[in-house]
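Chemist: Structure provided below as structure tokens; questions to follow.
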Amino acid sequence: EAFDSAKELGTAAGFEAFLANYPSGFYADLARAYIEKLEAAEAPSVPTQTPPAPAPKPAAASSPGADPSCKDLFSVKSKGSDAPAKVTFINKSGMYRSILWLDFSGQPKDYAGLNNGEEVTLDTFLTHPWMVADGPGDCIEIFMPHAGTRVVTLKAPDGSEKAAAPPPPDKKASPPAPAPAPKKASAPKCKSRSVLVDGKCILKRNAASYCGPGYRLEGNKCVQGYVKPKPQRQLPTWQLEAIKKGCRPGQGWNAQEGCHEDD
């Protein structure tokens, strides 16, 4: 009767109350079996979860291949025109550089010339090689375009980057500096037996006759206008005549020769 009452109740607590009074025997084993059944029915069902599928790995970006070498110049050429791209060349080599396209036969075609500090952007395709050459046209490097726009900085042979020369100053901004005034030549210093005449050192005994006909010595300069010396009684007649004719001291005069050195 007690087991039937617990069974009619149909709960785990009812069967546990039965087992508290009748812990052994056949009905006790049945009561435990019912308890296990009821507990299993009350346990929430755990849905079977399918593990999420792993996220797909991102596709590895295709890395551009190595640029060709100038040693392969005669075997490098353009192969197609399917994927457009751009290449920007910036010249920081400190020297002039030529930019040439290697056509479908591998022949270089001149496209641009860059002085130091200049740059150019060219429309091209991924399979079109570009050669950088010096002034005479010798190959320095060959570059392949990348997806999008590839920026190539041209460097000096030692690997350094040379800055562009500053622009010339605006001549209108400031007037040029005046040229320095020439220095005046200092007068030579004459020895004790000489005097300075017209910038030259002349012996004192020759200074009076240095200036020549029609000039006289005034201070240390020869000035125009000869002053006749006062006649002296002891002078011979020929010398007085020479003085009258404007000859220098020490010269004679005659009608045939004029002023002449007296023998």
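Convention: chains lettered A, B, ... in structure tokens order; per-chain residue numbering from 1; ligands numbered from 1 as shown.
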Mind listing the alpha helix (DSSP H) residues of region 20-135 of chain A, per DSSP on the backbone, as a PDB file with N, CA and C atoms, in the first residue's frame?
Modeler:
```
ATOM      1  N   ALA A  20      12.534   5.734   3.008  1.00  0.00           N
ATOM      2  CA  ALA A  20      12.892   6.061   4.398  1.00  0.00           C
ATOM      3  C   ALA A  20      12.235   5.098   5.383  1.00  0.00           C
ATOM      4  N   ASN A  21      11.073   4.558   4.997  1.00  0.00           N
ATOM      5  CA  ASN A  21      10.394   3.633   5.876  1.00  0.00           C
ATOM      6  C   ASN A  21      10.668   2.187   5.497  1.00  0.00           C
ATOM      7  N   PHE A  26      12.179  -5.823  -2.333  1.00  0.00           N
ATOM      8  CA  PHE A  26      11.899  -5.709  -3.762  1.00  0.00           C
ATOM      9  C   PHE A  26      11.333  -4.353  -4.107  1.00  0.00           C
ATOM     10  N   TYR A  27      10.359  -3.897  -3.273  1.00  0.00           N
ATOM     11  CA  TYR A  27       9.747  -2.597  -3.579  1.00  0.00           C
ATOM     12  C   TYR A  27      10.731  -1.446  -3.363  1.00  0.00           C
ATOM     13  N   ALA A  28      11.672  -1.662  -2.446  1.00  0.00           N
ATOM     14  CA  ALA A  28      12.698  -0.622  -2.257  1.00  0.00           C
ATOM     15  C   ALA A  28      13.541  -0.483  -3.515  1.00  0.00           C
ATOM     16  N   ASP A  29      13.889  -1.610  -4.145  1.00  0.00           N
ATOM     17  CA  ASP A  29      14.661  -1.537  -5.380  1.00  0.00           C
ATOM     18  C   ASP A  29      13.853  -0.874  -6.491  1.00  0.00           C
ATOM     19  N   LEU A  30      12.546  -1.175  -6.529  1.00  0.00           N
ATOM     20  CA  LEU A  30      11.707  -0.529  -7.547  1.00  0.00           C
ATOM     21  C   LEU A  30      11.630   0.982  -7.320  1.00  0.00           C
ATOM     22  N   ALA A  31      11.543   1.351  -6.035  1.00  0.00           N
ATOM     23  CA  ALA A  31      11.455   2.777  -5.726  1.00  0.00           C
ATOM     24  C   ALA A  31      12.723   3.511  -6.198  1.00  0.00           C
ATOM     25  N   ARG A  32      13.880   2.881  -6.036  1.00  0.00           N
ATOM     26  CA  ARG A  32      15.125   3.513  -6.474  1.00  0.00           C
ATOM     27  C   ARG A  32      15.154   3.614  -8.010  1.00  0.00           C
ATOM     28  N   ALA A  33      14.630   2.588  -8.656  1.00  0.00           N
ATOM     29  CA  ALA A  33      14.586   2.618 -10.117  1.00  0.00           C
ATOM     30  C   ALA A  33      13.675   3.730 -10.615  1.00  0.00           C
ATOM     31  N   TYR A  34      12.554   3.925  -9.930  1.00  0.00           N
ATOM     32  CA  TYR A  34      11.660   5.024 -10.320  1.00  0.00           C
ATOM     33  C   TYR A  34      12.326   6.386 -10.099  1.00  0.00           C
ATOM     34  N   ILE A  35      13.059   6.480  -8.993  1.00  0.00           N
ATOM     35  CA  ILE A  35      13.734   7.769  -8.724  1.00  0.00           C
ATOM     36  C   ILE A  35      14.730   8.094  -9.855  1.00  0.00           C
ATOM     37  N   GLU A  36      15.510   7.106 -10.272  1.00  0.00           N
ATOM     38  CA  GLU A  36      16.474   7.331 -11.352  1.00  0.00           C
ATOM     39  C   GLU A  36      15.768   7.716 -12.647  1.00  0.00           C
ATOM     40  N   LYS A  37      14.618   7.081 -12.872  1.00  0.00           N
ATOM     41  CA  LYS A  37      13.874   7.384 -14.091  1.00  0.00           C
ATOM     42  C   LYS A  37      13.344   8.816 -14.067  1.00  0.00           C
ATOM     43  N   LEU A  38      12.790   9.194 -12.855  1.00  0.00           N
ATOM     44  CA  LEU A  38      12.259  10.549 -12.748  1.00  0.00           C
ATOM     45  C   LEU A  38      13.374  11.602 -12.866  1.00  0.00           C
ATOM     46  N   GLU A  39      14.516  11.345 -12.269  1.00  0.00           N
ATOM     47  CA  GLU A  39      15.625  12.313 -12.356  1.00  0.00           C
ATOM     48  C   GLU A  39      16.142  12.444 -13.789  1.00  0.00           C
ATOM     49  N   ALA A  40      16.180  11.315 -14.509  1.00  0.00           N
ATOM     50  CA  ALA A  40      16.621  11.365 -15.898  1.00  0.00           C
ATOM     51  C   ALA A  40      15.637  12.145 -16.764  1.00  0.00           C
ATOM     52  N   ALA A  41      14.343  12.023 -16.437  1.00  0.00           N
ATOM     53  CA  ALA A  41      13.338  12.746 -17.212  1.00  0.00           C
ATOM     54  C   ALA A  41      13.364  14.232 -16.920  1.00  0.00           C
ATOM     55  N   GLU A  42      13.691  14.600 -15.649  1.00  0.00           N
ATOM     56  CA  GLU A  42      13.733  16.016 -15.282  1.00  0.00           C
ATOM     57  C   GLU A  42      15.000  16.730 -15.789  1.00  0.00           C
TER      58      GLU A  42
END
```
Chemist: Looking at only C-alpha atoms, which of A:Ala6, A:Ile90, A:Leu240, A:Ala12 is the one that sits closest to Lys162 (chain A)?
Modeler: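 The answer is A:Ile90, which sits nearest to Lys162 (chain A).
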Chemist: Distance CA of Leu102 (chain A)-CA of Asp123 (chain A), one decimal place?
Modeler: 13.9 Å
Chemist: In Å, how far is it from CA of Arg97 (chain A) to CA of Asp134 (chain A)?
Modeler: 5.0 Å
Chemist: Let me make sure I understand: among A:Cys201, A:Leu73, A:Cys247, A:Ala2, which one has the smallest atom-to-atom distance to Ala17 (chain A) if we use only C-alpha atoms?
Modeler: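 For Ala17 (chain A), the nearest of the given residues is A:Ala2.
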Chemist: For Gly106 (chain A), work out the shell of residues within 8 Å, counting only C-alpha atoms and skipping chain neighbours fewer than 5 positions away, then give it as JSON, numbers by chain.
Modeler: {"A": [73, 74, 75, 76, 77, 78]}
Chemist: Those residues you just picked out, can you put them in a file as a PDB file, in the first residue's frame with N, CA and C atoms?
Modeler:
```pdb
ATOM      1  N   LEU A  73      69.042  42.123 -69.812  1.00  0.00           N
ATOM      2  CA  LEU A  73      68.384  43.163 -70.592  1.00  0.00           C
ATOM      3  C   LEU A  73      67.877  42.649 -71.936  1.00  0.00           C
ATOM      4  N   PHE A  74      68.669  41.829 -72.612  1.00  0.00           N
ATOM      5  CA  PHE A  74      68.305  41.402 -73.958  1.00  0.00           C
ATOM      6  C   PHE A  74      67.248  40.299 -73.960  1.00  0.00           C
ATOM      7  N   SER A  75      66.900  39.769 -72.787  1.00  0.00           N
ATOM      8  CA  SER A  75      65.860  38.747 -72.724  1.00  0.00           C
ATOM      9  C   SER A  75      64.591  39.241 -72.026  1.00  0.00           C
ATOM     10  N   VAL A  76      64.589  40.482 -71.552  1.00  0.00           N
ATOM     11  CA  VAL A  76      63.423  41.041 -70.862  1.00  0.00           C
ATOM     12  C   VAL A  76      62.589  41.828 -71.867  1.00  0.00           C
ATOM     13  N   LYS A  77      61.293  41.579 -71.880  1.00  0.00           N
ATOM     14  CA  LYS A  77      60.401  42.283 -72.796  1.00  0.00           C
ATOM     15  C   LYS A  77      58.980  42.248 -72.261  1.00  0.00           C
ATOM     16  N   SER A  78      58.117  43.100 -72.785  1.00  0.00           N
ATOM     17  CA  SER A  78      56.713  43.143 -72.381  1.00  0.00           C
ATOM     18  C   SER A  78      55.986  41.933 -72.959  1.00  0.00           C
TER      19      SER A  78
END
```
Chemist: Quick check, in Å to one decimal: how far apart do CA of Lys79 (chain A) and CA of Cys139 (chain A) lie?
Modeler: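 Taking CA of Lys79 (chain A) as the start and CA of Cys139 (chain A) as the end point, the length is 20.2 Å.
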Chemist: Could you tell me which of A:Val120, A:Cys222, A:Ala242, A:Ile140 comes closest to Val152 (chain A) if we count only C-alpha atoms?
Modeler: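 Nearest to Val152 (chain A): A:Val120.
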Chemist: Might you pull out every residue within 7 Å of Lys221 (chain A), with only C-alpha atoms counted and same-chain residues fewer than 4 positions away left off, and present them as a JSON list (two decimals) with C-alpha atoms, in the first residue's frame?
Modeler:
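To be explicit, this is the file written out as part-v6.json:
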```json
[["chain", "number", "residue", "atom", "x", "y", "z"],
["A", 197, "VAL", "CA", 106.92, 112.50, -60.29],
["A", 198, "ASP", "CA", 103.65, 111.26, -61.85],
["A", 217, "LEU", "CA", 107.44, 120.22, -63.09]]
```
Chemist: Output as a VMD selection string all residues of region 22-163 of chain A that backbone DSSP marks as strand (DSSP E or B).
Modeler: chain A and resid 84 to 91 97 to 102 108 to 114 119 to 125 130 to 133 139 to 143 149 to 154
